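Read through the structure below, which is laid out as structure tokens, and then see the notes.
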Amino acid sequence: MSSARRAAAEAWAFRARVEQEAALRFDRLAEVVASFDPDSPVPAMMRRAADDERRHTELCARLAGRLGNPVVLDRDAAVAAIAPRSLDERKAALYEVVAACCITETESMATLTTLLASEQDPEVREVLHAISRDEVVHSRMGWAHLSRESVAAEVAFLGPLVPGMLAGTIDAGLFGAPPADEDPEGLLRLGVLSLSKKRAVFLGTLEQVVFPGLEKFGVDPEPGRRWLAHAAGLR
Ligand SMILES: [Fe+2]
Ligand SMILES: [Fe+2]
């Protein structure tokens, strides 16, 4: 098996697990948000998003299998709460929504858009298209929740917590060296960005979309910026 195919099969298997986790997270968050903000349109969006993520899980798992890495998904998987324990339920929900939607879904959208600007094998491209249509909406529901909370409650506490969200978002190797046998062109055809492109998309999206969005709703992006500069060795 070529190095690109092996790496892409692993990446799609990893995505399948991330999608499954997202489905569970959105189901749970829909209930929590509805409990303190019954008039919010966000819980209904989250329930639809959870269904989307279950579809994405199947699509990613099937593709991983076709590329030679069959995924066995744990049907009883549970998803860990990611917010610091010191936060009350409402603040913890906001933390989780911002991390999962405003950051992760926005990054995912940017990755998919970048990928779709190049050519892929047809079956890969079909999956990328199907997923990207939904992730736009998932990102939006995060901003919708942050916007509501910025009016109804206090959101400034999030500023110093953004570094923790970013640390939880990135994969360990993002700021390291690429594998010696990395084949950027081959990866791209199979729907995966090379490490240097992945890094560029990640940083660019934070700077152009995520940080300005947080700032607009009253969350100070500076702690996140400083953490990032340090992590990326940009200082
Ligand atoms: Fe998804
Ligand atoms: Fe999503």
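The chains in the structure tokens are called A, B, ... from first to last as shown; in each chain the residues are counted from 1, and the ligands are counted from 1 in the order shown.
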
Exercise. Do you know which residues are at most 7 Å from stretch 71-76 of chain A counting only C-alpha atoms, after dropping those on the same chain fewer than 2 positions away, and could you put them as a PyMOL selection string?
Worked result: chain A and resi 13+61+64-65+69+78

Interface rows for chain A against ligand 1: nearest pair, Å to one decimal, 9 Å, only C-alpha atoms and all ligand atoms, as JSON lines:
```
{"residue": "A:Arg15", "atom": "CA", "partner": "ligand 1", "partner_atom_place_in_ligand_line": "1 (Fe)", "distance": 8.3}
{"residue": "A:Ala16", "atom": "CA", "partner": "ligand 1", "partner_atom_place_in_ligand_line": "1 (Fe)", "distance": 8.6}
{"residue": "A:Val18", "atom": "CA", "partner": "ligand 1", "partner_atom_place_in_ligand_line": "1 (Fe)", "distance": 7.9}
{"residue": "A:Glu19", "atom": "CA", "partner": "ligand 1", "partner_atom_place_in_ligand_line": "1 (Fe)", "distance": 5.0}
{"residue": "A:Gln20", "atom": "CA", "partner": "ligand 1", "partner_atom_place_in_ligand_line": "1 (Fe)", "distance": 8.3}
{"residue": "A:Ala22", "atom": "CA", "partner": "ligand 1", "partner_atom_place_in_ligand_line": "1 (Fe)", "distance": 7.1}
{"residue": "A:Ala23", "atom": "CA", "partner": "ligand 1", "partner_atom_place_in_ligand_line": "1 (Fe)", "distance": 8.1}
{"residue": "A:Ala49", "atom": "CA", "partner": "ligand 1", "partner_atom_place_in_ligand_line": "1 (Fe)", "distance": 8.1}
{"residue": "A:Ala50", "atom": "CA", "partner": "ligand 1", "partner_atom_place_in_ligand_line": "1 (Fe)", "distance": 8.6}
{"residue": "A:Asp52", "atom": "CA", "partner": "ligand 1", "partner_atom_place_in_ligand_line": "1 (Fe)", "distance": 6.6}
{"residue": "A:Glu53", "atom": "CA", "partner": "ligand 1", "partner_atom_place_in_ligand_line": "1 (Fe)", "distance": 4.6}
{"residue": "A:Arg54", "atom": "CA", "partner": "ligand 1", "partner_atom_place_in_ligand_line": "1 (Fe)", "distance": 7.9}
{"residue": "A:Arg55", "atom": "CA", "partner": "ligand 1", "partner_atom_place_in_ligand_line": "1 (Fe)", "distance": 8.0}
{"residue": "A:His56", "atom": "CA", "partner": "ligand 1", "partner_atom_place_in_ligand_line": "1 (Fe)", "distance": 5.3}
{"residue": "A:Thr57", "atom": "CA", "partner": "ligand 1", "partner_atom_place_in_ligand_line": "1 (Fe)", "distance": 7.3}
{"residue": "A:Glu105", "atom": "CA", "partner": "ligand 1", "partner_atom_place_in_ligand_line": "1 (Fe)", "distance": 7.9}
{"residue": "A:Ser108", "atom": "CA", "partner": "ligand 1", "partner_atom_place_in_ligand_line": "1 (Fe)", "distance": 8.2}
{"residue": "A:Ile131", "atom": "CA", "partner": "ligand 1", "partner_atom_place_in_ligand_line": "1 (Fe)", "distance": 6.0}
{"residue": "A:Ser132", "atom": "CA", "partner": "ligand 1", "partner_atom_place_in_ligand_line": "1 (Fe)", "distance": 7.9}
{"residue": "A:Asp134", "atom": "CA", "partner": "ligand 1", "partner_atom_place_in_ligand_line": "1 (Fe)", "distance": 7.1}
{"residue": "A:Glu135", "atom": "CA", "partner": "ligand 1", "partner_atom_place_in_ligand_line": "1 (Fe)", "distance": 6.0}
{"residue": "A:His138", "atom": "CA", "partner": "ligand 1", "partner_atom_place_in_ligand_line": "1 (Fe)", "distance": 8.3}
```

For this session: Find the distance between atom CA of A:Asp121 and atom CA of A:Pro70 and write it in Å to one decimal.
Result: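 Straight-line distance from atom CA of A:Asp121 to atom CA of A:Pro70 works out to 18.8 Å.
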
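Atom pair atom CA of A:Leu214 / atom CA of A:Phe202 has a distance of 15.9 Å (rounded to one decimal).
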
Exercise. Looking at only C-alpha atoms, which of A:His129, A:Lys197, A:Lys216, A:Arg140 is the one that sits closest to A:Met45?
Worked result: A:Arg140
